[in-house]
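Peer 1: The structure file run.cif (mmCIF, C-alpha atoms) is provided below.
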```cif
data_data
#
loop_
_atom_site.group_PDB
_atom_site.id
_atom_site.type_symbol
_atom_site.label_atom_id
_atom_site.label_comp_id
_atom_site.auth_asym_id
_atom_site.auth_seq_id
_atom_site.Cartn_x
_atom_site.Cartn_y
_atom_site.Cartn_z
ATOM 1 C CA MET A 6 0.000 0.000 0.000
ATOM 2 C CA TYR A 7 1.321 3.444 -0.950
ATOM 3 C CA LYS A 8 1.791 5.846 1.945
ATOM 4 C CA ARG A 9 2.014 9.527 1.117
ATOM 5 C CA PRO A 10 5.399 10.855 2.299
ATOM 6 C CA MET A 11 5.838 13.787 4.640
ATOM 7 C CA LEU A 12 7.034 17.023 3.085
ATOM 8 C CA SER A 13 10.794 17.390 2.757
ATOM 9 C CA LYS A 14 12.668 19.210 5.518
ATOM 10 C CA GLU A 15 13.714 21.858 3.006
ATOM 11 C CA LEU A 16 10.147 22.596 1.906
ATOM 12 C CA VAL A 17 8.919 22.664 5.502
ATOM 13 C CA ALA A 18 11.719 25.069 6.453
ATOM 14 C CA ALA A 19 11.045 27.338 3.481
ATOM 15 C CA SER A 20 7.335 27.519 4.270
ATOM 16 C CA THR A 21 7.576 28.101 8.029
ATOM 17 C CA VAL A 22 7.547 31.918 8.039
ATOM 18 C CA PRO A 23 4.615 32.358 5.640
ATOM 19 C CA LEU A 24 2.696 29.615 7.455
ATOM 20 C CA VAL A 25 3.225 31.188 10.880
ATOM 21 C CA LEU A 26 2.303 34.644 9.596
ATOM 22 C CA SER A 27 -0.774 33.278 7.840
ATOM 23 C CA VAL A 28 -1.992 31.426 10.938
ATOM 24 C CA LEU A 29 -1.461 34.568 13.006
ATOM 25 C CA THR A 30 -3.787 36.504 10.684
ATOM 26 C CA GLU A 31 -6.506 34.309 12.250
ATOM 27 C CA GLY A 32 -5.600 35.750 15.664
ATOM 28 C CA GLU A 33 -2.892 35.549 18.278
ATOM 29 C CA SER A 34 -1.549 32.186 19.305
ATOM 30 C CA TYR A 35 1.171 30.420 21.275
ATOM 31 C CA GLY A 36 3.778 27.961 20.010
ATOM 32 C CA TYR A 37 2.071 24.637 20.631
ATOM 33 C CA ALA A 38 -1.231 25.938 19.222
ATOM 34 C CA LEU A 39 0.624 27.068 16.065
ATOM 35 C CA ILE A 40 2.084 23.577 15.697
ATOM 36 C CA ALA A 41 -1.351 21.986 16.109
ATOM 37 C CA ARG A 42 -3.056 24.414 13.687
ATOM 38 C CA VAL A 43 -0.510 23.815 10.930
ATOM 39 C CA ARG A 44 -0.766 20.040 11.451
ATOM 40 C CA GLU A 45 -4.560 20.344 11.163
ATOM 41 C CA LEU A 46 -4.481 22.587 8.082
ATOM 42 C CA SER A 47 -1.970 20.321 6.323
ATOM 43 C CA GLY A 48 -3.857 17.127 7.079
ATOM 44 C CA GLY A 49 -0.837 15.920 9.025
ATOM 45 C CA GLN A 50 1.590 16.541 6.150
ATOM 46 C CA ILE A 51 3.493 19.238 8.051
ATOM 47 C CA GLU A 52 4.804 18.172 11.447
ATOM 48 C CA TRP A 53 6.732 20.829 13.319
ATOM 49 C CA SER A 54 8.617 20.169 16.517
ATOM 50 C CA GLU A 55 8.906 22.727 19.280
ATOM 51 C CA GLY A 56 12.669 22.650 18.782
ATOM 52 C CA MET A 57 12.208 23.694 15.166
ATOM 53 C CA LEU A 58 9.487 26.319 15.674
ATOM 54 C CA TYR A 59 10.707 28.302 18.690
ATOM 55 C CA PRO A 60 13.985 29.494 17.109
ATOM 56 C CA VAL A 61 11.963 30.670 14.081
ATOM 57 C CA LEU A 62 9.505 32.513 16.330
ATOM 58 C CA HIS A 63 12.424 34.131 18.160
ATOM 59 C CA TRP A 64 13.957 35.223 14.840
ATOM 60 C CA MET A 65 10.571 36.549 13.666
ATOM 61 C CA GLU A 66 10.267 38.552 16.881
ATOM 62 C CA THR A 67 13.778 39.986 16.401
ATOM 63 C CA GLU A 68 12.863 40.932 12.811
ATOM 64 C CA ARG A 69 9.649 42.547 14.126
ATOM 65 C CA LEU A 70 7.445 40.277 12.016
ATOM 66 C CA VAL A 71 5.601 39.250 15.168
ATOM 67 C CA GLU A 72 4.999 40.795 18.566
ATOM 68 C CA ALA A 73 4.931 38.648 21.668
ATOM 69 C CA GLU A 74 3.977 38.828 25.299
ATOM 70 C CA TRP A 75 4.029 36.434 28.211
ATOM 71 C CA ARG A 76 0.631 35.776 29.785
ATOM 72 C CA GLU A 77 -0.857 33.275 32.141
ATOM 73 C CA SER A 78 -2.988 30.621 30.433
ATOM 74 C CA GLU A 79 -6.297 29.285 31.718
ATOM 75 C CA ALA A 80 -4.315 26.371 33.160
ATOM 76 C CA GLY A 81 -2.207 28.802 35.200
ATOM 77 C CA ARG A 82 1.013 28.312 33.227
ATOM 78 C CA LYS A 83 2.781 31.195 31.535
ATOM 79 C CA ARG A 84 2.718 31.114 27.745
ATOM 80 C CA LYS A 85 4.225 33.400 25.173
ATOM 81 C CA TYR A 86 1.483 34.619 22.842
ATOM 82 C CA TYR A 87 2.376 35.838 19.359
ATOM 83 C CA ARG A 88 0.527 38.202 17.035
ATOM 84 C CA ILE A 89 1.394 39.422 13.567
ATOM 85 C CA SER A 90 2.803 42.953 13.387
ATOM 86 C CA ARG A 91 2.389 45.561 10.658
ATOM 87 C CA THR A 92 5.834 44.612 9.374
ATOM 88 C CA GLY A 93 4.717 40.968 9.433
ATOM 89 C CA ARG A 94 1.637 41.784 7.352
ATOM 90 C CA ARG A 95 3.807 43.468 4.714
ATOM 91 C CA ALA A 96 6.228 40.530 4.777
ATOM 92 C CA LEU A 97 3.316 38.114 4.415
ATOM 93 C CA ALA A 98 2.084 39.969 1.316
ATOM 94 C CA ASP A 99 5.571 39.623 -0.194
ATOM 95 C CA GLU A 100 5.785 35.940 0.787
ATOM 96 C CA LYS A 101 2.363 35.299 -0.724
ATOM 97 C CA ASP A 102 3.401 36.893 -4.038
ATOM 98 C CA GLN A 103 6.542 34.740 -4.129
ATOM 99 C CA TRP A 104 4.738 31.484 -3.287
ATOM 100 C CA LEU A 105 2.009 32.219 -5.830
ATOM 101 C CA ALA A 106 4.670 32.812 -8.509
ATOM 102 C CA VAL A 107 6.258 29.439 -7.719
ATOM 103 C CA HIS A 108 2.842 27.755 -7.651
ATOM 104 C CA ALA A 109 1.837 29.289 -10.999
ATOM 105 C CA THR A 110 5.097 28.186 -12.603
ATOM 106 C CA LEU A 111 4.758 24.622 -11.321
ATOM 107 C CA SER A 112 1.105 24.536 -12.341
ATOM 108 C CA ARG A 113 2.076 25.418 -15.898
ATOM 109 C CA LEU A 114 4.792 22.774 -15.897
ATOM 110 C CA TRP A 115 2.549 20.167 -14.299
ATOM 111 C CA LYS A 116 -0.605 20.949 -16.248
ATOM 112 C CA PRO A 117 -3.079 18.110 -16.060
ATOM 113 C CA GLN A 118 -1.704 15.150 -17.918
ATOM 114 C CA THR A 119 -2.737 11.581 -18.168
ATOM 115 C CA ILE A 120 -0.251 9.581 -16.152
ATOM 116 C CA PRO A 121 0.283 6.038 -17.444
ATOM 117 C CA ALA A 122 -0.603 3.345 -14.936
#
```
Please express what this file holds, its structure, as structure tokens.
Peer 2:
Amino acid sequence: MYKRPMLSKELVAASTVPLVLSVLTEGESYGYALIARVRELSGGQIEWSEGMLYPVLHWMETERLVEAEWRESEAGRKRKYYRISRTGRRALADEKDQWLAVHATLSRLWKPQTIPA
């Protein structure tokens, strides 16, 4: 039985920033919730680890793409909540244009064809 492979590490890495920014347009979130939302949206195809995501979030905060603040959760634990910044919204628009250009190019190359069995 054929099992669909996970996305390559390189593709996951390249898509992390636009994915995080896009999820944050839905509203603020914390790290684990971002991981769960991307897993849900991708149908399990994109699996982030905390060790992979948190350095990216830190970099995004340094670059002012996101703003963050520590708050107490309903469970009483402190969590760092992230929200997209104005700079992040501009960066997301640029990222979207770039990804759509790649998608359009691949779509033209991979136009519907009959694949032999």
Peer 1: Kindly indicate which residue among A:Glu66, A:Leu12, A:Pro60, A:Val71 lies nearest to Arg44 in chain A, using all atoms listed in the file for the distances.
Peer 2: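 Checking each candidate against Arg44 in chain A, we get A:Leu12 as the closest.
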Peer 1: Find the residues around Ile89 in chain A up to 9 Å (all atoms listed in the file counted), leave out those fewer than 2 positions away in its own chain, and share them as a PDB file with C-alpha atoms, keeping the file's coordinate frame.
Peer 2:
```pdb
ATOM      1  CA  VAL A  25       3.225  31.188  10.880  1.00  0.00           C
ATOM      2  CA  LEU A  26       2.303  34.644   9.596  1.00  0.00           C
ATOM      3  CA  SER A  27      -0.774  33.278   7.840  1.00  0.00           C
ATOM      4  CA  LEU A  29      -1.461  34.568  13.006  1.00  0.00           C
ATOM      5  CA  THR A  30      -3.787  36.504  10.684  1.00  0.00           C
ATOM      6  CA  GLY A  32      -5.600  35.750  15.664  1.00  0.00           C
ATOM      7  CA  GLU A  33      -2.892  35.549  18.278  1.00  0.00           C
ATOM      8  CA  ARG A  69       9.649  42.547  14.126  1.00  0.00           C
ATOM      9  CA  LEU A  70       7.445  40.277  12.016  1.00  0.00           C
ATOM     10  CA  VAL A  71       5.601  39.250  15.168  1.00  0.00           C
ATOM     11  CA  GLU A  72       4.999  40.795  18.566  1.00  0.00           C
ATOM     12  CA  ALA A  73       4.931  38.648  21.668  1.00  0.00           C
ATOM     13  CA  TYR A  87       2.376  35.838  19.359  1.00  0.00           C
ATOM     14  CA  ARG A  91       2.389  45.561  10.658  1.00  0.00           C
ATOM     15  CA  THR A  92       5.834  44.612   9.374  1.00  0.00           C
ATOM     16  CA  GLY A  93       4.717  40.968   9.433  1.00  0.00           C
ATOM     17  CA  ARG A  94       1.637  41.784   7.352  1.00  0.00           C
TER      18      ARG A  94
END
```
Peer 1: So, counting only C-alpha atoms, which residue among A:Ala96, A:Leu39, A:Val17, A:Ser34 is closest to Arg76 in chain A?
Peer 2: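 Checking each of A:Ala96, A:Leu39, A:Val17, A:Ser34 against Arg76 in chain A, counting only C-alpha atoms, the winner is A:Ser34.
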Peer 1: Please report the interatomic distance between CA of Lys14 in chain A and CA of Gly56 in chain A in Å with one decimal.
Peer 2: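 Computing it gives 13.7 Å between the two atoms.
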Peer 1: Under the rule that only C-alpha atoms are counted, which of A:Leu16, A:Met57, A:Leu97, A:Ala106 is the nearest residue to Tyr37 in chain A?
Peer 2: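 Using only C-alpha atoms, Tyr37 in chain A sits closest to A:Met57.
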Peer 1: Find the spatial neighbours of Gly49 in chain A, counting all atoms listed in the file, within a cut-off of 10 Å - ignore same-chain residues fewer than 6 positions away - and output them as a ChimeraX atom specification.
Peer 2: /A:11-12,41-43
Peer 1: Which residues match the PyMOL selection byres ((chain A and resi 53) around 6) in the file above, as number ranges by chain?
Peer 2: A: 40, 52, 54
Peer 1: Can you give me N, CA and C atoms for range 7-32 of chain A, written as a JSON list (two decimals), keeping the file's coordinate frame?
Peer 2:
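Output below, filename part37.json:
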```json
[["chain", "number", "residue", "atom", "x", "y", "z"],
["A", 7, "TYR", "N", 0.55, 2.21, -0.84],
["A", 7, "TYR", "CA", 1.32, 3.44, -0.95],
["A", 7, "TYR", "C", 0.97, 4.36, 0.21],
["A", 8, "LYS", "N", 2.00, 4.89, 0.87],
["A", 8, "LYS", "CA", 1.79, 5.85, 1.94],
["A", 8, "LYS", "C", 2.38, 7.17, 1.50],
["A", 9, "ARG", "N", 1.57, 8.20, 1.53],
["A", 9, "ARG", "CA", 2.01, 9.53, 1.12],
["A", 9, "ARG", "C", 3.14, 10.00, 2.03],
["A", 10, "PRO", "N", 4.27, 10.43, 1.46],
["A", 10, "PRO", "CA", 5.40, 10.86, 2.30],
["A", 10, "PRO", "C", 5.15, 12.22, 2.93],
["A", 11, "MET", "N", 5.87, 12.47, 4.02],
["A", 11, "MET", "CA", 5.84, 13.79, 4.64],
["A", 11, "MET", "C", 6.57, 14.75, 3.71],
["A", 12, "LEU", "N", 6.32, 16.03, 3.88],
["A", 12, "LEU", "CA", 7.03, 17.02, 3.08],
["A", 12, "LEU", "C", 8.52, 17.01, 3.45],
["A", 13, "SER", "N", 9.35, 17.36, 2.50],
["A", 13, "SER", "CA", 10.79, 17.39, 2.76],
["A", 13, "SER", "C", 11.12, 18.45, 3.80],
["A", 14, "LYS", "N", 12.23, 18.25, 4.51],
["A", 14, "LYS", "CA", 12.67, 19.21, 5.52],
["A", 14, "LYS", "C", 12.89, 20.59, 4.89],
["A", 15, "GLU", "N", 13.42, 20.60, 3.69],
["A", 15, "GLU", "CA", 13.71, 21.86, 3.01],
["A", 15, "GLU", "C", 12.43, 22.64, 2.69],
["A", 16, "LEU", "N", 11.41, 21.94, 2.23],
["A", 16, "LEU", "CA", 10.15, 22.60, 1.91],
["A", 16, "LEU", "C", 9.45, 23.07, 3.18],
["A", 17, "VAL", "N", 9.50, 22.27, 4.21],
["A", 17, "VAL", "CA", 8.92, 22.66, 5.50],
["A", 17, "VAL", "C", 9.63, 23.91, 6.02],
["A", 18, "ALA", "N", 10.95, 23.92, 5.97],
["A", 18, "ALA", "CA", 11.72, 25.07, 6.45],
["A", 18, "ALA", "C", 11.39, 26.33, 5.65],
["A", 19, "ALA", "N", 11.32, 26.19, 4.34],
["A", 19, "ALA", "CA", 11.04, 27.34, 3.48],
["A", 19, "ALA", "C", 9.65, 27.90, 3.69],
["A", 20, "SER", "N", 8.72, 27.08, 4.12],
["A", 20, "SER", "CA", 7.34, 27.52, 4.27],
["A", 20, "SER", "C", 6.97, 27.95, 5.69],
["A", 21, "THR", "N", 7.89, 27.82, 6.63],
["A", 21, "THR", "CA", 7.58, 28.10, 8.03],
["A", 21, "THR", "C", 7.14, 29.55, 8.27],
["A", 22, "VAL", "N", 7.89, 30.51, 7.79],
["A", 22, "VAL", "CA", 7.55, 31.92, 8.04],
["A", 22, "VAL", "C", 6.19, 32.28, 7.43],
["A", 23, "PRO", "N", 5.94, 31.99, 6.15],
["A", 23, "PRO", "CA", 4.62, 32.36, 5.64],
["A", 23, "PRO", "C", 3.48, 31.59, 6.33],
["A", 24, "LEU", "N", 3.74, 30.36, 6.74],
["A", 24, "LEU", "CA", 2.70, 29.62, 7.46],
["A", 24, "LEU", "C", 2.40, 30.24, 8.81],
["A", 25, "VAL", "N", 3.44, 30.57, 9.57],
["A", 25, "VAL", "CA", 3.22, 31.19, 10.88],
["A", 25, "VAL", "C", 2.48, 32.52, 10.72],
["A", 26, "LEU", "N", 2.96, 33.35, 9.80],
["A", 26, "LEU", "CA", 2.30, 34.64, 9.60],
["A", 26, "LEU", "C", 0.85, 34.47, 9.17],
["A", 27, "SER", "N", 0.59, 33.52, 8.30],
["A", 27, "SER", "CA", -0.77, 33.28, 7.84],
["A", 27, "SER", "C", -1.68, 32.81, 8.97],
["A", 28, "VAL", "N", -1.19, 31.89, 9.81],
["A", 28, "VAL", "CA", -1.99, 31.43, 10.94],
["A", 28, "VAL", "C", -2.26, 32.59, 11.89],
["A", 29, "LEU", "N", -1.27, 33.45, 12.09],
["A", 29, "LEU", "CA", -1.46, 34.57, 13.01],
["A", 29, "LEU", "C", -2.43, 35.62, 12.48],
["A", 30, "THR", "N", -2.73, 35.60, 11.18],
["A", 30, "THR", "CA", -3.79, 36.50, 10.68],
["A", 30, "THR", "C", -5.15, 36.06, 11.20],
["A", 31, "GLU", "N", -5.25, 34.81, 11.65],
["A", 31, "GLU", "CA", -6.51, 34.31, 12.25],
["A", 31, "GLU", "C", -6.67, 34.81, 13.68],
["A", 32, "GLY", "N", -5.58, 35.27, 14.29],
["A", 32, "GLY", "CA", -5.60, 35.75, 15.66],
["A", 32, "GLY", "C", -4.34, 35.32, 16.38]]
```
